[in-house]
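Trainee: Got a structure for you, questions after.
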Amino acid sequence: MKRFTSVHDAAHSVGLDAILETSGRVAADPWCYADAGRRRTLGLLFFNPSLRTRMSTQKAAQLLGMDTIVMNVGSDSWTLETRDGVVMDGGATEHIREAAAVMGQYCDILGIRTFAGLKDRDFDYAETVLESMITYSGVPVVSLESATRHPLQSLADLITIQSLVPARRPKVVLTWAPHPKALPQAVANSFAEWMLAANMDLVITHPEGYELAPEFVRGATILHDQDSALDGADIVYAKNWSSYQQYGAILSKDPSWTITPQKMARTNHARFMHCLPVRRNVIVTDEVLDSEQSIVIQQAANRVVSAQAVLYHLLQAL
Ligand code: CP
C-alpha cells in the first residue's frame, strides 16, 4: 500500500480483508511486527488539534520499531500557504510545496491531519492540503483525518464493531446529534463508506438539510425520523456534522436528537459509539455514555490497532 487516505486505498492495494487480518494479529500480539519499522521515520504533521490520533499513531509507530517526529504546523513550524498561484504577502511564511518536499527528505512516511475549513466546499472536497502533501513530499502519506474523511478512525470503528457483533450482519445506525459549533462531515462520510465497504446494514438518520455527499452514502438507508432509525439497532454511532448543501452551516441544534436512555431503549441492546471528543449532555447524555452499552473507550483503544495495521502495510511497500 502506497497511501492511506480512504477505504479505497486499502481496497485497491492489499485489500480490506488483509488490513483486517493484520489488525487481528496486532490486536492479539502488539509486538508481533516489532522490527517492521526499524530504521524508519514517521513524520506526523498536525494542522489541527488532536489527542487520540496523535498519541495512538505514535504508539503504533513505537510498536513497529519506528522513530517519530511530530510537528504542529504554525506553532512549531512556519505557517504554511496551501493555495497555488497566490502572492505570498500575507501571514503564511512558507508554501506547502517546499515544506512537503523537505519533510519527505527527513521521513519515510508522513501522517497529515488537516480539517475542512467549511468555507469553500470545492477546496475542501478536492482535499487540496492532503493531495499537495502526497504530490510534493514524494513519500507515502497516511491521513490522520482530512477535510472529507477520517480513515484511521473508521478502520478502528470497523474493528470494534466486528469484535463485538460477530455472527450476523448488524444493523448500524449513524445518527446526527446536535453540537454548538459547525463541524466537518469527515467522520460521518468516512464511517459511512467503511461500513458500506464492509457490507453492514447501514442506516443514516439526520434532520432534513444534513444530507451527506451522495458518493459516501450510496447503499445506505437514509431516514429523517431518528426514532424509527434506532428501532432494532445493534450499533448506535452518534456524530454531529454541519450541512454539506449549505456548506458549513448549522441548520439545527434540536436537543431532541441527543442520545438518551429512552432512545437506546428502542434498540437491540445496542452498543453506543462516538469517535471522541464528545460533548456530554449535548451529543449524548451522561447516563448513556457512562453505561455498559457505551464502547467509546474500546473504540479509542482500537485506534492503536488500526494505525499499526496501516503503518505495517505502508512499511511493507517501501
Ligand atoms: N477521534 C479523534 O480523531 O480524536 P482526536 O481528534 O483527539 O485525534
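Chain identifiers are assigned as A, B, and so on, following the order in which chains appear in the C-alpha cells; residues are numbered from 1 within each chain, and ligands are numbered from 1 in order of appearance.
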Could you pull out the residues in region 8-237 of chain A that DSSP calls strand (DSSP E) from the backbone, as JSON, numbers by chain?
Mentor: {"A": [41, 42, 43, 44, 45, 46, 67, 68, 69, 70, 71, 72, 80, 81, 94, 95, 109, 110, 111, 112, 113, 141, 142, 143, 171, 172, 173, 174, 175, 176, 201, 202, 203, 204, 205, 221, 222, 223, 235, 236, 237]}
Trainee: Could the residues of chain A that have an atom at most 9 Å from ligand 1 be listed as a Markdown table, each with its closest atom pair and the distance in Å to one decimal, counting only C-alpha atoms and all ligand atoms and ordered by chain and ascending residue number?
Mentor:
| residue | atom | partner | partner_atom_place_in_ligand_line | distance |
| --- | --- | --- | --- | --- |
| A:Asn48 | CA | ligand 1 | 6 (O) | 8.3 |
| A:Pro49 | CA | ligand 1 | 6 (O) | 6.4 |
| A:Ser50 | CA | ligand 1 | 8 (O) | 3.7 |
| A:Leu51 | CA | ligand 1 | 7 (O) | 3.4 |
| A:Arg52 | CA | ligand 1 | 8 (O) | 3.9 |
| A:Thr53 | CA | ligand 1 | 8 (O) | 3.6 |
| A:Arg54 | CA | ligand 1 | 8 (O) | 5.9 |
| A:Met55 | CA | ligand 1 | 8 (O) | 7.9 |
| A:Ser56 | CA | ligand 1 | 8 (O) | 8.4 |
| A:Arg113 | CA | ligand 1 | 8 (O) | 8.8 |
| A:Leu144 | CA | ligand 1 | 3 (O) | 7.5 |
| A:Glu145 | CA | ligand 1 | 3 (O) | 7.0 |
| A:His150 | CA | ligand 1 | 3 (O) | 7.4 |
| A:Leu152 | CA | ligand 1 | 3 (O) | 8.3 |
| A:Gln153 | CA | ligand 1 | 1 (N) | 6.3 |
| A:Val187 | CA | ligand 1 | 1 (N) | 8.5 |
| A:His274 | CA | ligand 1 | 1 (N) | 8.1 |
| A:Cys275 | CA | ligand 1 | 1 (N) | 4.4 |
| A:Leu276 | CA | ligand 1 | 1 (N) | 4.8 |
| A:Pro277 | CA | ligand 1 | 4 (O) | 6.0 |
| A:Ala300 | CA | ligand 1 | 1 (N) | 7.2 |
| A:Arg303 | CA | ligand 1 | 1 (N) | 8.4 |
Trainee: Got a sec: who's within 9 Å of Ala101 (chain A), counting only C-alpha atoms, leaving out chain neighbours fewer than 2 positions off, as a list in words?
Mentor: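 Here the answer would be Ile96, Arg97, Glu98, Ala99, Met103, Gly104, Gln105, Met133, Thr135, Tyr136, Ser137 and Gly138 of chain A.
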Trainee: For the residues in that selection, give me C-alpha atoms as a short mmCIF file (atom, residue, chain, number, x, y, z; two decimals), in the first residue's frame.
Mentor:
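Result file is again-v8.cif:
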data_model
loop_
_atom_site.label_atom_id
_atom_site.label_comp_id
_atom_site.auth_asym_id
_atom_site.auth_seq_id
_atom_site.Cartn_x
_atom_site.Cartn_y
_atom_site.Cartn_z
CA ILE A 96 3.38 23.66 1.24
CA ARG A 97 5.28 22.72 -1.95
CA GLU A 98 8.69 23.34 -0.33
CA ALA A 99 7.63 22.28 3.18
CA MET A 103 9.76 16.77 5.11
CA GLY A 104 9.91 14.00 2.52
CA GLN A 105 13.70 14.19 2.80
CA MET A 133 1.41 16.68 0.68
CA THR A 135 2.32 15.20 -4.55
CA TYR A 136 5.23 17.20 -3.16
CA SER A 137 6.56 15.02 -0.31
CA GLY A 138 7.41 12.06 -2.55
#
Trainee: Pick from A:Leu155, A:Ala249, A:Ala238, A:Cys32: nearest to Val278 (chain A), with only C-alpha atoms counted?
Mentor: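 Looking only at the distances to Val278 (chain A), the closest residue turns out to be A:Ala238.
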Trainee: Could you state the separation of CA of Pro261 (chain A) and CA of Thr160 (chain A) in Å, given to one decimal place?
Mentor: 21.7 Å
Trainee: Among region 124-218 of chain A, which ones does DSSP assign to alpha helix (DSSP H) (computed from the backbone)? Answer as JSON, numbers by chain.
Mentor: {"A": [124, 125, 128, 129, 130, 131, 132, 133, 134, 135, 136, 137, 151, 152, 153, 154, 155, 156, 157, 158, 159, 160, 161, 162, 163, 164, 186, 187, 188, 189, 190, 191, 192, 193, 194, 195, 196, 197, 214, 215, 216, 217]}
Trainee: Residues near region 207-218 of chain A, anyone? I mean within 8 Å using only C-alpha atoms, not counting same-chain ones fewer than 3 positions away, as a CSV table (one decimal) with all heavy atoms, in the first residue's frame.
Mentor:
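Result went into part-v2.csv, see below:
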chain,number,residue,atom,x,y,z
A,176,TRP,N,-27.0,11.7,13.3
A,176,TRP,CA,-26.6,13.1,13.6
A,176,TRP,C,-27.1,13.4,15.0
A,176,TRP,O,-28.1,12.9,15.5
A,176,TRP,CB,-27.4,14.0,12.6
A,176,TRP,CG,-27.1,15.5,12.7
A,176,TRP,CD1,-26.1,16.2,12.1
A,176,TRP,CD2,-27.7,16.4,13.6
A,176,TRP,NE1,-26.1,17.5,12.5
A,176,TRP,CE2,-27.1,17.7,13.4
A,176,TRP,CE3,-28.8,16.3,14.5
A,176,TRP,CZ2,-27.6,18.8,14.0
A,176,TRP,CZ3,-29.2,17.5,15.1
A,176,TRP,CH2,-28.6,18.7,14.9
A,185,GLN,N,-17.8,17.2,7.9
A,185,GLN,CA,-18.6,15.9,7.6
A,185,GLN,C,-17.6,14.7,7.6
A,185,GLN,O,-18.1,13.6,7.3
A,185,GLN,CB,-19.3,16.0,6.2
A,185,GLN,CG,-20.3,17.1,6.1
A,185,GLN,CD,-19.8,18.4,5.5
A,185,GLN,OE1,-19.0,18.3,4.6
A,185,GLN,NE2,-20.3,19.5,5.9
A,189,ASN,N,-18.8,10.9,6.8
A,189,ASN,CA,-18.5,10.5,5.4
A,189,ASN,C,-17.7,9.1,5.5
A,189,ASN,O,-18.1,8.2,4.8
A,189,ASN,CB,-17.6,11.5,4.7
A,189,ASN,CG,-18.3,12.7,4.2
A,189,ASN,OD1,-19.6,12.7,4.2
A,189,ASN,ND2,-17.6,13.8,3.9
A,190,SER,N,-16.7,9.2,6.3
A,190,SER,CA,-15.7,8.1,6.3
A,190,SER,C,-16.4,6.8,6.9
A,190,SER,O,-16.2,5.7,6.4
A,190,SER,CB,-14.5,8.5,7.1
A,190,SER,OG,-13.4,7.7,6.9
A,192,ALA,N,-19.5,6.1,7.0
A,192,ALA,CA,-20.4,5.5,6.0
A,192,ALA,C,-19.7,4.7,5.0
A,192,ALA,O,-20.1,3.5,4.7
A,192,ALA,CB,-21.2,6.6,5.4
A,193,GLU,N,-18.7,5.2,4.4
A,193,GLU,CA,-18.1,4.4,3.3
A,193,GLU,C,-17.4,3.2,3.8
A,193,GLU,O,-17.4,2.1,3.1
A,193,GLU,CB,-17.2,5.3,2.4
A,193,GLU,CG,-15.9,5.8,2.9
A,193,GLU,CD,-15.1,6.6,1.8
A,193,GLU,OE1,-15.6,6.7,0.7
A,193,GLU,OE2,-14.0,7.0,2.2
A,196,LEU,N,-20.2,0.6,4.6
A,196,LEU,CA,-20.8,0.0,3.3
A,196,LEU,C,-19.8,-0.9,2.6
A,196,LEU,O,-20.2,-2.0,2.1
A,196,LEU,CB,-21.2,1.2,2.4
A,196,LEU,CG,-22.4,2.0,2.9
A,196,LEU,CD1,-22.5,3.3,2.1
A,196,LEU,CD2,-23.7,1.2,2.8
A,224,HIS,N,-35.2,10.5,8.1
A,224,HIS,CA,-35.2,11.7,8.9
A,224,HIS,C,-35.9,11.6,10.2
A,224,HIS,O,-35.9,12.5,11.0
A,224,HIS,CB,-35.9,12.8,8.0
A,224,HIS,CG,-35.1,13.2,6.8
A,224,HIS,ND1,-35.7,13.3,5.6
A,224,HIS,CD2,-33.8,13.4,6.6
A,224,HIS,CE1,-34.8,13.6,4.7
A,224,HIS,NE2,-33.6,13.7,5.3
A,225,ASP,N,-36.4,10.4,10.5
A,225,ASP,CA,-37.1,10.1,11.8
A,225,ASP,C,-36.1,9.2,12.6
A,225,ASP,O,-35.9,8.0,12.3
A,225,ASP,CB,-38.4,9.3,11.5
A,225,ASP,CG,-39.1,8.9,12.8
A,225,ASP,OD1,-38.5,9.1,13.9
A,225,ASP,OD2,-40.2,8.4,12.7
A,241,TRP,N,-22.4,16.8,12.4
A,241,TRP,CA,-21.8,17.4,11.2
A,241,TRP,C,-22.6,18.6,10.7
A,241,TRP,O,-23.8,18.7,11.0
A,241,TRP,CB,-21.6,16.4,10.1
A,241,TRP,CG,-22.8,15.7,9.5
A,241,TRP,CD1,-23.5,16.2,8.4
A,241,TRP,CD2,-23.4,14.5,9.9
A,241,TRP,NE1,-24.6,15.4,8.1
A,241,TRP,CE2,-24.6,14.3,9.0
A,241,TRP,CE3,-23.2,13.5,10.9
A,241,TRP,CZ2,-25.4,13.2,9.1
A,241,TRP,CZ3,-24.0,12.5,11.0
A,241,TRP,CH2,-25.1,12.3,10.1
A,242,SER,N,-21.9,19.5,10.1
A,242,SER,CA,-22.6,20.7,9.5
A,242,SER,C,-23.1,20.3,8.2
A,242,SER,O,-22.8,19.3,7.6
A,242,SER,CB,-21.6,21.9,9.4
A,242,SER,OG,-20.5,21.5,8.6
A,243,SER,N,-23.9,21.3,7.6
A,243,SER,CA,-24.6,21.0,6.3
A,243,SER,C,-23.6,20.9,5.2
A,243,SER,O,-22.6,21.7,5.1
A,243,SER,CB,-25.6,22.1,6.0
A,243,SER,OG,-26.2,21.9,4.8
A,244,TYR,N,-23.8,19.9,4.3
A,244,TYR,CA,-23.0,19.8,3.1
A,244,TYR,C,-23.6,20.7,2.0
A,244,TYR,O,-22.8,21.4,1.3
A,244,TYR,CB,-23.0,18.3,2.6
A,244,TYR,CG,-22.3,18.1,1.3
A,244,TYR,CD1,-21.0,18.2,1.1
A,244,TYR,CD2,-23.1,17.8,0.1
A,244,TYR,CE1,-20.4,18.0,-0.2
A,244,TYR,CE2,-22.6,17.6,-1.1
A,244,TYR,CZ,-21.2,17.7,-1.3
A,244,TYR,OH,-20.6,17.5,-2.5
A,245,GLN,N,-24.9,20.7,1.9
A,245,GLN,CA,-25.6,21.5,0.8
A,245,GLN,C,-25.4,23.0,1.1
A,245,GLN,O,-24.9,23.7,0.2
A,245,GLN,CB,-27.1,21.2,0.7
A,245,GLN,CG,-27.4,19.9,0.0
A,245,GLN,CD,-27.2,18.7,0.9
A,245,GLN,OE1,-27.0,18.8,2.1
A,245,GLN,NE2,-27.1,17.5,0.3
A,246,GLN,N,-25.7,23.5,2.3
A,246,GLN,CA,-25.5,24.9,2.7
A,246,GLN,C,-24.2,24.8,3.4
A,246,GLN,O,-24.1,24.9,4.7
A,246,GLN,CB,-26.6,25.4,3.6
A,246,GLN,CG,-28.0,25.4,2.8
A,246,GLN,CD,-29.1,26.0,3.8
A,246,GLN,OE1,-28.9,27.0,4.4
A,246,GLN,NE2,-30.1,25.2,3.9
A,251,LEU,N,-27.8,24.1,10.8
A,251,LEU,CA,-29.3,24.3,10.5
A,251,LEU,C,-30.2,24.0,11.7
A,251,LEU,O,-31.3,24.3,11.7
A,251,LEU,CB,-29.7,23.4,9.3
A,251,LEU,CG,-28.8,23.6,8.0
A,251,LEU,CD1,-29.3,22.6,7.0
A,251,LEU,CD2,-28.9,25.0,7.5
A,252,SER,N,-29.6,23.2,12.6
A,252,SER,CA,-30.4,22.8,13.8
A,252,SER,C,-29.5,22.5,15.0
A,252,SER,O,-28.3,22.1,14.8
A,252,SER,CB,-31.1,21.5,13.4
A,252,SER,OG,-31.7,20.9,14.6
Trainee: So which residues touch region 14-29 of chain A within 9 Å, counting only C-alpha atoms, skipping near sequence neighbours fewer than 4 positions away, as a VMD selection string?
Mentor: chain A and resid 1 7 to 10 33 155 158 to 159 197 to 198 302 304 to 310 312 to 313
Trainee: Given the selection you just returned, output its residues as a file containing N, CA and C atoms, formatted as a PDB file, in the first residue's frame.
Mentor:
ATOM      1  N   MET A   1       0.853  -1.185   0.000  1.00  0.00           N
ATOM      2  CA  MET A   1       0.000   0.000   0.000  1.00  0.00           C
ATOM      3  C   MET A   1       0.895   1.242   0.000  1.00  0.00           C
ATOM      4  N   VAL A   7     -10.964   4.221   2.409  1.00  0.00           N
ATOM      5  CA  VAL A   7     -11.144   2.769   2.301  1.00  0.00           C
ATOM      6  C   VAL A   7     -10.729   2.278   0.911  1.00  0.00           C
ATOM      7  N   HIS A   8     -10.815   3.158  -0.089  1.00  0.00           N
ATOM      8  CA  HIS A   8     -10.467   2.756  -1.456  1.00  0.00           C
ATOM      9  C   HIS A   8      -8.970   2.449  -1.572  1.00  0.00           C
ATOM     10  N   ASP A   9      -8.140   3.197  -0.862  1.00  0.00           N
ATOM     11  CA  ASP A   9      -6.695   2.927  -0.897  1.00  0.00           C
ATOM     12  C   ASP A   9      -6.409   1.524  -0.364  1.00  0.00           C
ATOM     13  N   ALA A  10      -7.139   1.149   0.689  1.00  0.00           N
ATOM     14  CA  ALA A  10      -6.947  -0.198   1.245  1.00  0.00           C
ATOM     15  C   ALA A  10      -7.498  -1.247   0.286  1.00  0.00           C
ATOM     16  N   TYR A  33       5.100  -7.365  15.098  1.00  0.00           N
ATOM     17  CA  TYR A  33       5.896  -6.787  13.999  1.00  0.00           C
ATOM     18  C   TYR A  33       6.877  -5.753  14.559  1.00  0.00           C
ATOM     19  N   LEU A 155     -11.492   2.709  10.372  1.00  0.00           N
ATOM     20  CA  LEU A 155     -10.967   1.340  10.478  1.00  0.00           C
ATOM     21  C   LEU A 155     -11.058   0.869  11.929  1.00  0.00           C
ATOM     22  N   LEU A 158     -14.595  -0.059  12.598  1.00  0.00           N
ATOM     23  CA  LEU A 158     -14.954  -1.358  11.999  1.00  0.00           C
ATOM     24  C   LEU A 158     -14.389  -2.516  12.827  1.00  0.00           C
ATOM     25  N   ILE A 159     -13.131  -2.379  13.244  1.00  0.00           N
ATOM     26  CA  ILE A 159     -12.512  -3.423  14.083  1.00  0.00           C
ATOM     27  C   ILE A 159     -13.328  -3.600  15.367  1.00  0.00           C
ATOM     28  N   ALA A 197     -18.495  -0.561   2.676  1.00  0.00           N
ATOM     29  CA  ALA A 197     -17.476  -1.448   2.095  1.00  0.00           C
ATOM     30  C   ALA A 197     -17.428  -2.781   2.841  1.00  0.00           C
ATOM     31  N   ALA A 198     -17.751  -2.745   4.133  1.00  0.00           N
ATOM     32  CA  ALA A 198     -17.738  -3.976   4.944  1.00  0.00           C
ATOM     33  C   ALA A 198     -19.103  -4.670   4.939  1.00  0.00           C
ATOM     34  N   ASN A 302      -8.739   0.943  20.017  1.00  0.00           N
ATOM     35  CA  ASN A 302      -8.506   0.325  18.708  1.00  0.00           C
ATOM     36  C   ASN A 302      -7.873   1.282  17.696  1.00  0.00           C
ATOM     37  N   VAL A 304      -4.990   2.466  18.122  1.00  0.00           N
ATOM     38  CA  VAL A 304      -3.605   1.968  18.034  1.00  0.00           C
ATOM     39  C   VAL A 304      -3.554   0.805  17.049  1.00  0.00           C
ATOM     40  N   VAL A 305      -4.526  -0.085  17.146  1.00  0.00           N
ATOM     41  CA  VAL A 305      -4.559  -1.266  16.268  1.00  0.00           C
ATOM     42  C   VAL A 305      -4.677  -0.841  14.806  1.00  0.00           C
ATOM     43  N   SER A 306      -5.584   0.079  14.528  1.00  0.00           N
ATOM     44  CA  SER A 306      -5.781   0.476  13.126  1.00  0.00           C
ATOM     45  C   SER A 306      -4.543   1.175  12.593  1.00  0.00           C
ATOM     46  N   ALA A 307      -3.938   2.034  13.395  1.00  0.00           N
ATOM     47  CA  ALA A 307      -2.730   2.736  12.923  1.00  0.00           C
ATOM     48  C   ALA A 307      -1.585   1.756  12.703  1.00  0.00           C
ATOM     49  N   GLN A 308      -1.478   0.786  13.591  1.00  0.00           N
ATOM     50  CA  GLN A 308      -0.390  -0.196  13.475  1.00  0.00           C
ATOM     51  C   GLN A 308      -0.547  -1.028  12.193  1.00  0.00           C
ATOM     52  N   ALA A 309      -1.763  -1.464  11.936  1.00  0.00           N
ATOM     53  CA  ALA A 309      -2.015  -2.276  10.732  1.00  0.00           C
ATOM     54  C   ALA A 309      -1.723  -1.476   9.464  1.00  0.00           C
ATOM     55  N   VAL A 310      -2.160  -0.234   9.442  1.00  0.00           N
ATOM     56  CA  VAL A 310      -1.952   0.598   8.244  1.00  0.00           C
ATOM     57  C   VAL A 310      -0.468   0.911   8.060  1.00  0.00           C
ATOM     58  N   TYR A 312       2.028  -0.794   9.089  1.00  0.00           N
ATOM     59  CA  TYR A 312       2.702  -2.037   8.694  1.00  0.00           C
ATOM     60  C   TYR A 312       2.620  -2.223   7.185  1.00  0.00           C
ATOM     61  N   HIS A 313       1.440  -2.041   6.601  1.00  0.00           N
ATOM     62  CA  HIS A 313       1.293  -2.251   5.149  1.00  0.00           C
ATOM     63  C   HIS A 313       1.999  -1.161   4.351  1.00  0.00           C
TER      64      HIS A 313
END
Trainee: Can you pull out the residues contacting Tyr237 (chain A)? Cut-off 7 Å, using only C-alpha atoms, and skip same-chain residues under 5 positions away; I want them as a PyMOL selection string.
Mentor: chain A and resi 173-175+272-274
Trainee: Using N, CA and C atoms, can you write the selected residues to a file as a CSV table (one decimal), in the first residue's frame?
Mentor:
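Generated output (selection.csv):
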chain,number,residue,atom,x,y,z
A,173,VAL,N,-26.5,2.1,13.0
A,173,VAL,CA,-27.2,3.4,12.8
A,173,VAL,C,-26.2,4.6,13.0
A,174,LEU,N,-26.0,5.3,12.0
A,174,LEU,CA,-25.2,6.6,12.2
A,174,LEU,C,-26.2,7.7,12.4
A,175,THR,N,-26.2,8.3,13.5
A,175,THR,CA,-27.2,9.4,13.8
A,175,THR,C,-26.5,10.7,14.0
A,272,PHE,N,-23.2,1.8,22.1
A,272,PHE,CA,-23.1,3.2,21.8
A,272,PHE,C,-21.7,3.6,21.4
A,273,MET,N,-21.5,4.2,20.2
A,273,MET,CA,-20.2,4.6,19.8
A,273,MET,C,-20.1,6.1,19.4
A,274,HIS,N,-18.9,6.7,19.6
A,274,HIS,CA,-18.6,8.0,19.2
A,274,HIS,C,-17.1,8.1,19.1
Trainee: Using only C-alpha atoms, which residues sit within 10 Å of Met66 (chain A) once same-chain residues fewer than 6 positions away are excluded, as a short mmCIF file (atom, residue, chain, number, x, y, z; two decimals) with N, CA, C and O atoms, in the first residue's frame?
Mentor:
data_model
loop_
_atom_site.label_atom_id
_atom_site.label_comp_id
_atom_site.auth_asym_id
_atom_site.auth_seq_id
_atom_site.Cartn_x
_atom_site.Cartn_y
_atom_site.Cartn_z
N ALA A 34 7.52 -6.10 15.68
CA ALA A 34 8.33 -5.12 16.42
C ALA A 34 9.49 -4.56 15.61
O ALA A 34 9.98 -3.48 15.90
N ASP A 35 9.94 -5.29 14.58
CA ASP A 35 11.09 -4.82 13.78
C ASP A 35 10.68 -4.28 12.41
O ASP A 35 11.54 -3.86 11.64
N ALA A 36 9.40 -4.30 12.11
CA ALA A 36 8.95 -3.93 10.75
C ALA A 36 9.35 -2.51 10.37
O ALA A 36 9.58 -2.21 9.19
N GLY A 37 9.43 -1.62 11.38
CA GLY A 37 9.75 -0.22 11.07
C GLY A 37 11.12 0.23 11.56
O GLY A 37 11.38 1.43 11.64
N ARG A 38 11.98 -0.74 11.83
CA ARG A 38 13.31 -0.40 12.34
C ARG A 38 14.07 0.47 11.33
O ARG A 38 14.05 0.16 10.13
N ARG A 39 14.69 1.52 11.82
CA ARG A 39 15.46 2.48 11.00
C ARG A 39 14.57 3.26 10.03
O ARG A 39 15.05 3.78 9.03
N ARG A 40 13.27 3.31 10.32
CA ARG A 40 12.34 4.11 9.53
C ARG A 40 11.78 5.24 10.39
O ARG A 40 11.60 5.06 11.61
N THR A 41 11.49 6.36 9.76
CA THR A 41 10.99 7.53 10.49
C THR A 41 9.60 7.91 10.00
O THR A 41 9.38 8.02 8.79
N LEU A 42 8.69 8.09 10.95
CA LEU A 42 7.34 8.57 10.65
C LEU A 42 7.24 10.03 11.07
O LEU A 42 7.49 10.36 12.24
N GLN A 58 1.54 7.60 17.34
CA GLN A 58 2.91 7.49 17.88
C GLN A 58 3.11 6.13 18.56
O GLN A 58 4.16 5.49 18.39
N LYS A 59 2.11 5.72 19.30
CA LYS A 59 2.20 4.42 19.99
C LYS A 59 2.31 3.28 18.96
O LYS A 59 3.13 2.37 19.12
N ALA A 60 1.53 3.37 17.92
CA ALA A 60 1.57 2.33 16.87
C ALA A 60 2.95 2.30 16.23
O ALA A 60 3.51 1.21 16.00
N ASP A 108 10.30 8.68 6.15
CA ASP A 108 9.97 7.60 5.21
C ASP A 108 8.47 7.56 4.92
O ASP A 108 8.05 7.14 3.85
N LEU A 311 0.20 1.30 9.13
CA LEU A 311 1.64 1.61 9.02
C LEU A 311 2.41 0.37 8.59
O LEU A 311 3.36 0.46 7.79
N LEU A 315 4.77 0.29 5.37
CA LEU A 315 6.20 -0.08 5.51
C LEU A 315 6.57 -1.21 4.56
O LEU A 315 7.65 -1.21 3.97
#
Trainee: Counting only C-alpha atoms, which of A:Ile69, A:Leu318, A:Ala301, A:Val139 gets nearest to Leu44 (chain A)?
Mentor: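 Among the listed residues, the smallest separation from Leu44 (chain A) belongs to A:Ile69.
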